[in-house]
Amino acid sequence: MKPILTSIAAGSLLAALAIAQTPRYTVIDLGTFGGTLSSAYGINYQGRAAGAANLPSGNQHAFLSVGETMLDLGTLGGPNSEASGPNSSYAVPILAETSKKDPFGNDFCGFGTNLICLPAVWNGTMTPLPTLGGNNGEALVINNQGQLIGLAENSTRDSTCPAPQALDFEAVLWGPNPGQVQELPPLHGDTVGFAFGLNNYGQVVGTSGTCATTPLLPFNYGPHAVLWQNGVPTAFANLGGTMLGVGVGINDLGEIIGGSDLPSELPGFPFVQVHATLYSQSGPVDLGTVGTDFSSLPTWINNNGQAVGASCDDMGNCRAFLWQNKTMIDINTLIPANSSLYLIFPESINDAGEIVGTGLQTSTGETHAFVATPIPGSAAKAAVEPDLSRPMVLPESVRKQVQQRLRKRGR
């Protein structure tokens with residue numbers, strides 16, 4: 001297994017060499033399955049995106065993009081499912097509802113149905129993955145070796161969990177062989193955890209805490225950012241706060257992107273003032289925000305050191321950011337001025353620089369999945385001026401969708 005970098009210098013140097021200028025992008029609206037909502041949660045190097053889109057009924061199904069169209073991946077018998085980015089073999093991590101009610105009335109996957117929700121993998125058909133002895137789980141990321149990570153309930157009753165959650169849940173590594181499941185233990189003194197990021201060397205990042213401090217509702221963040229290497233958890237220092245620390249992505253260089261609250265712990269969105277953070281064993285690096293925004297919420301980092309996420313004001317109005325060459329940029333300044341979408345929340349960026357996420361269709365107020373593709377030979381000026389403007393004021397319904405997305409996707 002490739003060891004984690006002891007500093008960010010090597011990755012930053014690689015990024016500087018690989019990316020001399022800031023790219024411009026074209027944007028594709030992937031649409032929906034006849035409803036009004038869709039989101040793309042990941043994209044592989046071949047440009048195949050995956051996510052979830054609403055049907056006219058309001059239920060949502062996982063999708064895999066085929067060109068500019070979406071293939072409906074179905075569910076495990078229930079009304080809803082979601083997918084994250086496929087690997088190079090087009091296998092897709094899934095969380096999908098069954099038709100069975102959760103015995104504790106739990107809404108583990110956040111669809112509002114109180115149905116049992118299972119982790120699964122789609123590879124032509126949808127196959128459920130084992131939990132840790134509990135009822136529910138979620139598969140969130142898959143690598144090119146066929147390993148998947150996410151979280152799953154075990155059979156331990158925990159009275160500190162906010163109702164209706166009754167069981168502890170842990171970070172999980174599945175595969176690469178069928179049926180393999182490994183619990184990734186939380187840090188010493190913690191009882192629950194989530195795994196959110198995975199690279200091709202099997203290194204995993206996420207968060208851990210107690211069930212009281214790391215609830216599934218309303219947001220699945222814990223106080224401690226964690227790296228699991230060979231199944232062993234290691235804590236990463238945060239930016240000085242005490243309520244939130246999470247690793248959400250790790251690239252093959254061992255660079256970790258995540259989020260941390262600030263020492264001031266000012267009230268804000270979603271709970272406290274959070275900044276995107278580049279973690280390393282030499283200490284955390286605060287990536288700041290776009291302009292004068294209040295918080296920045298990262299989602300992914302590619303092997304070129306480019307990171308994406310959302311930069312938000314104190315009212316929950318968010319805009320997509322790209323971080324590269326030590327600069328955070330509003331991606332909306334890099335797309336055509338007449339774009340039909342205002343890019344709110346990017347979820348992933350592949351090594352080709354393609355970005356996927358959620359955008360506001362300004363003509364209708366609907367939120368749609370997007371793919372932003374760098375334009376060959378086209379670049380913004382090398383010295384990007386800081387964006388001091390505020391993000392677009394989003395409809396209240398869209399701000400609520402952003403909050404729901406944070407709860408369900410964990411970053």
# chains A, B, ... in the order shown; residues from 1 in each chain; ligands from 1
call {"tool": "residues_around", "arguments": {"residues": "Gly206 of chain A", "least_positions_apart": "2", "cutoff": "9 Å", "atoms": "only C-alpha atoms", "output": "VMD selection string"}}
result
chain A and resid 171 193 to 197 204 208 221 to 222 224 to 228 245 to 249 258
call {"tool": "write_last_selection", "arguments": {"atoms": "C-alpha atoms", "output": "compact mmCIF listing (two decimals), in the first residue's frame"}}
result
# COMPACT_ATOMS: atom_id res chain seq x y z
CA ALA A 171 -17.42 2.79 8.68
CA GLY A 193 -18.08 6.31 12.27
CA PHE A 194 -18.60 7.09 8.60
CA ALA A 195 -16.30 6.39 5.64
CA PHE A 196 -16.54 8.93 2.82
CA GLY A 197 -13.34 8.77 0.76
CA VAL A 204 -10.03 5.38 3.59
CA SER A 208 -15.90 9.30 13.97
CA TYR A 221 -20.57 14.57 10.54
CA GLY A 222 -18.52 13.67 13.59
CA HIS A 224 -12.91 13.77 14.48
CA ALA A 225 -11.38 13.42 11.02
CA VAL A 226 -10.02 9.91 10.47
CA LEU A 227 -7.68 8.08 8.10
CA TRP A 228 -7.92 4.28 8.03
CA GLY A 245 -13.79 17.12 11.64
CA VAL A 246 -14.20 14.98 8.54
CA GLY A 247 -12.18 13.62 5.65
CA VAL A 248 -14.31 13.40 2.52
CA GLY A 249 -11.81 12.54 -0.21
CA GLY A 258 -12.08 17.46 4.35
call {"tool": "residues_around", "arguments": {"residues": "segment 57-74 of chain A", "least_positions_apart": "3", "cutoff": "10 Å", "atoms": "only C-alpha atoms", "output": "PyMOL selection string"}}
result
chain A and resi 28-40+42-43+47-54+77-86+90-96+111+122-126+370-371
call {"tool": "residues_around", "arguments": {"residues": "Val285 of chain A", "least_positions_apart": "6", "cutoff": "9 Å", "atoms": "only C-alpha atoms", "output": "number ranges by chain"}}
result
A: 238-239, 276-279
call {"tool": "closest_residue", "arguments": {"among": "A:Ile142, A:Val181, A:Cys161, A:Val393", "to": "Gly202 of chain A", "atoms": "only C-alpha atoms"}}
result
A:Ile142
call {"tool": "residues_around", "arguments": {"residues": "Asp313 of chain A", "least_positions_apart": "2", "cutoff": "9 Å", "atoms": "only C-alpha atoms", "output": "PyMOL selection string"}}
result
chain A and resi 268-269+292-296+311+315-318+390-391
call {"tool": "closest_residue", "arguments": {"among": "A:Leu394, A:Cys211, A:Cys312, A:Ile256", "to": "Ala166 of chain A", "atoms": "only C-alpha atoms"}}
result
A:Cys211
call {"tool": "closest_residue", "arguments": {"among": "A:Asn350, A:Thr234, A:Leu151, A:Leu341", "to": "Ala369 of chain A", "atoms": "only C-alpha atoms"}}
result
A:Leu341
call {"tool": "residues_around", "arguments": {"residues": "Phe169 of chain A", "least_positions_apart": "4", "cutoff": "9 Å", "atoms": "only C-alpha atoms", "output": "number ranges by chain"}}
result
A: 132, 134, 136-137, 151-156, 191-194, 211
call {"tool": "write_last_selection", "arguments": {"atoms": "N, CA and C atoms", "output": "PDB file, in the first residue's frame"}}
result
ATOM      1  N   LEU A 132     -23.295  -4.911   9.101  1.00  0.00           N
ATOM      2  CA  LEU A 132     -22.472  -5.423  10.202  1.00  0.00           C
ATOM      3  C   LEU A 132     -23.333  -6.107  11.257  1.00  0.00           C
ATOM      4  N   GLY A 134     -26.685  -5.182  11.637  1.00  0.00           N
ATOM      5  CA  GLY A 134     -27.862  -4.348  11.801  1.00  0.00           C
ATOM      6  C   GLY A 134     -28.746  -4.395  10.579  1.00  0.00           C
ATOM      7  N   ASN A 136     -29.456  -1.596   8.319  1.00  0.00           N
ATOM      8  CA  ASN A 136     -29.264  -0.613   7.256  1.00  0.00           C
ATOM      9  C   ASN A 136     -27.797  -0.383   6.939  1.00  0.00           C
ATOM     10  N   GLY A 137     -27.570   0.194   5.771  1.00  0.00           N
ATOM     11  CA  GLY A 137     -26.233   0.601   5.385  1.00  0.00           C
ATOM     12  C   GLY A 137     -26.257   1.412   4.105  1.00  0.00           C
ATOM     13  N   LEU A 151     -21.024   2.994   5.224  1.00  0.00           N
ATOM     14  CA  LEU A 151     -21.335   2.783   6.627  1.00  0.00           C
ATOM     15  C   LEU A 151     -22.445   1.757   6.737  1.00  0.00           C
ATOM     16  N   ALA A 152     -22.526   1.125   7.901  1.00  0.00           N
ATOM     17  CA  ALA A 152     -23.566   0.125   8.129  1.00  0.00           C
ATOM     18  C   ALA A 152     -23.818  -0.013   9.618  1.00  0.00           C
ATOM     19  N   GLU A 153     -25.046  -0.362   9.938  1.00  0.00           N
ATOM     20  CA  GLU A 153     -25.397  -0.613  11.332  1.00  0.00           C
ATOM     21  C   GLU A 153     -24.835  -1.956  11.801  1.00  0.00           C
ATOM     22  N   ASN A 154     -24.454  -1.986  13.091  1.00  0.00           N
ATOM     23  CA  ASN A 154     -24.181  -3.270  13.730  1.00  0.00           C
ATOM     24  C   ASN A 154     -25.348  -3.613  14.651  1.00  0.00           C
ATOM     25  N   SER A 155     -25.179  -4.589  15.514  1.00  0.00           N
ATOM     26  CA  SER A 155     -26.289  -5.028  16.359  1.00  0.00           C
ATOM     27  C   SER A 155     -26.252  -4.426  17.760  1.00  0.00           C
ATOM     28  N   THR A 156     -25.369  -3.438  17.990  1.00  0.00           N
ATOM     29  CA  THR A 156     -25.207  -2.859  19.324  1.00  0.00           C
ATOM     30  C   THR A 156     -26.258  -1.792  19.593  1.00  0.00           C
ATOM     31  N   THR A 191     -17.557   5.741  19.296  1.00  0.00           N
ATOM     32  CA  THR A 191     -18.389   4.538  19.160  1.00  0.00           C
ATOM     33  C   THR A 191     -18.967   4.345  17.769  1.00  0.00           C
ATOM     34  N   VAL A 192     -18.980   5.380  16.934  1.00  0.00           N
ATOM     35  CA  VAL A 192     -19.560   5.268  15.596  1.00  0.00           C
ATOM     36  C   VAL A 192     -18.661   5.970  14.585  1.00  0.00           C
ATOM     37  N   GLY A 193     -18.880   5.673  13.297  1.00  0.00           N
ATOM     38  CA  GLY A 193     -18.080   6.315  12.273  1.00  0.00           C
ATOM     39  C   GLY A 193     -18.705   6.229  10.898  1.00  0.00           C
ATOM     40  N   PHE A 194     -18.201   7.066  10.002  1.00  0.00           N
ATOM     41  CA  PHE A 194     -18.598   7.086   8.595  1.00  0.00           C
ATOM     42  C   PHE A 194     -17.336   7.039   7.745  1.00  0.00           C
ATOM     43  N   CYS A 211     -22.402   8.269  19.228  1.00  0.00           N
ATOM     44  CA  CYS A 211     -23.692   8.342  18.548  1.00  0.00           C
ATOM     45  C   CYS A 211     -24.401   9.650  18.898  1.00  0.00           C
TER      46      CYS A 211
END
call {"tool": "atom_distance", "arguments": {"atom1": "atom CA of Ser260 of chain A", "atom2": "atom CA of Asp351 of chain A"}}
result
25.1 Å
call {"tool": "residues_around", "arguments": {"residues": "Ile149 of chain A", "least_positions_apart": "5", "cutoff": "7 Å", "atoms": "only C-alpha atoms", "output": "JSON, numbers by chain"}}
result
{"A": [139, 140, 141, 142, 172, 173, 174, 195, 198]}
call {"tool": "atom_distance", "arguments": {"atom1": "atom CA of Ser340 of chain A", "atom2": "atom CA of Thr362 of chain A"}}
result
6.2 Å
call {"tool": "closest_residue", "arguments": {"among": "A:Glu97, A:Glu354, A:Asp168, A:Asp190", "to": "Thr207 of chain A", "atoms": "only C-alpha atoms"}}
result
A:Asp190
call {"tool": "closest_residue", "arguments": {"among": "A:Thr367, A:Asn302, A:Ser89, A:Thr26", "to": "Asp252 of chain A", "atoms": "only C-alpha atoms"}}
result
A:Asn302
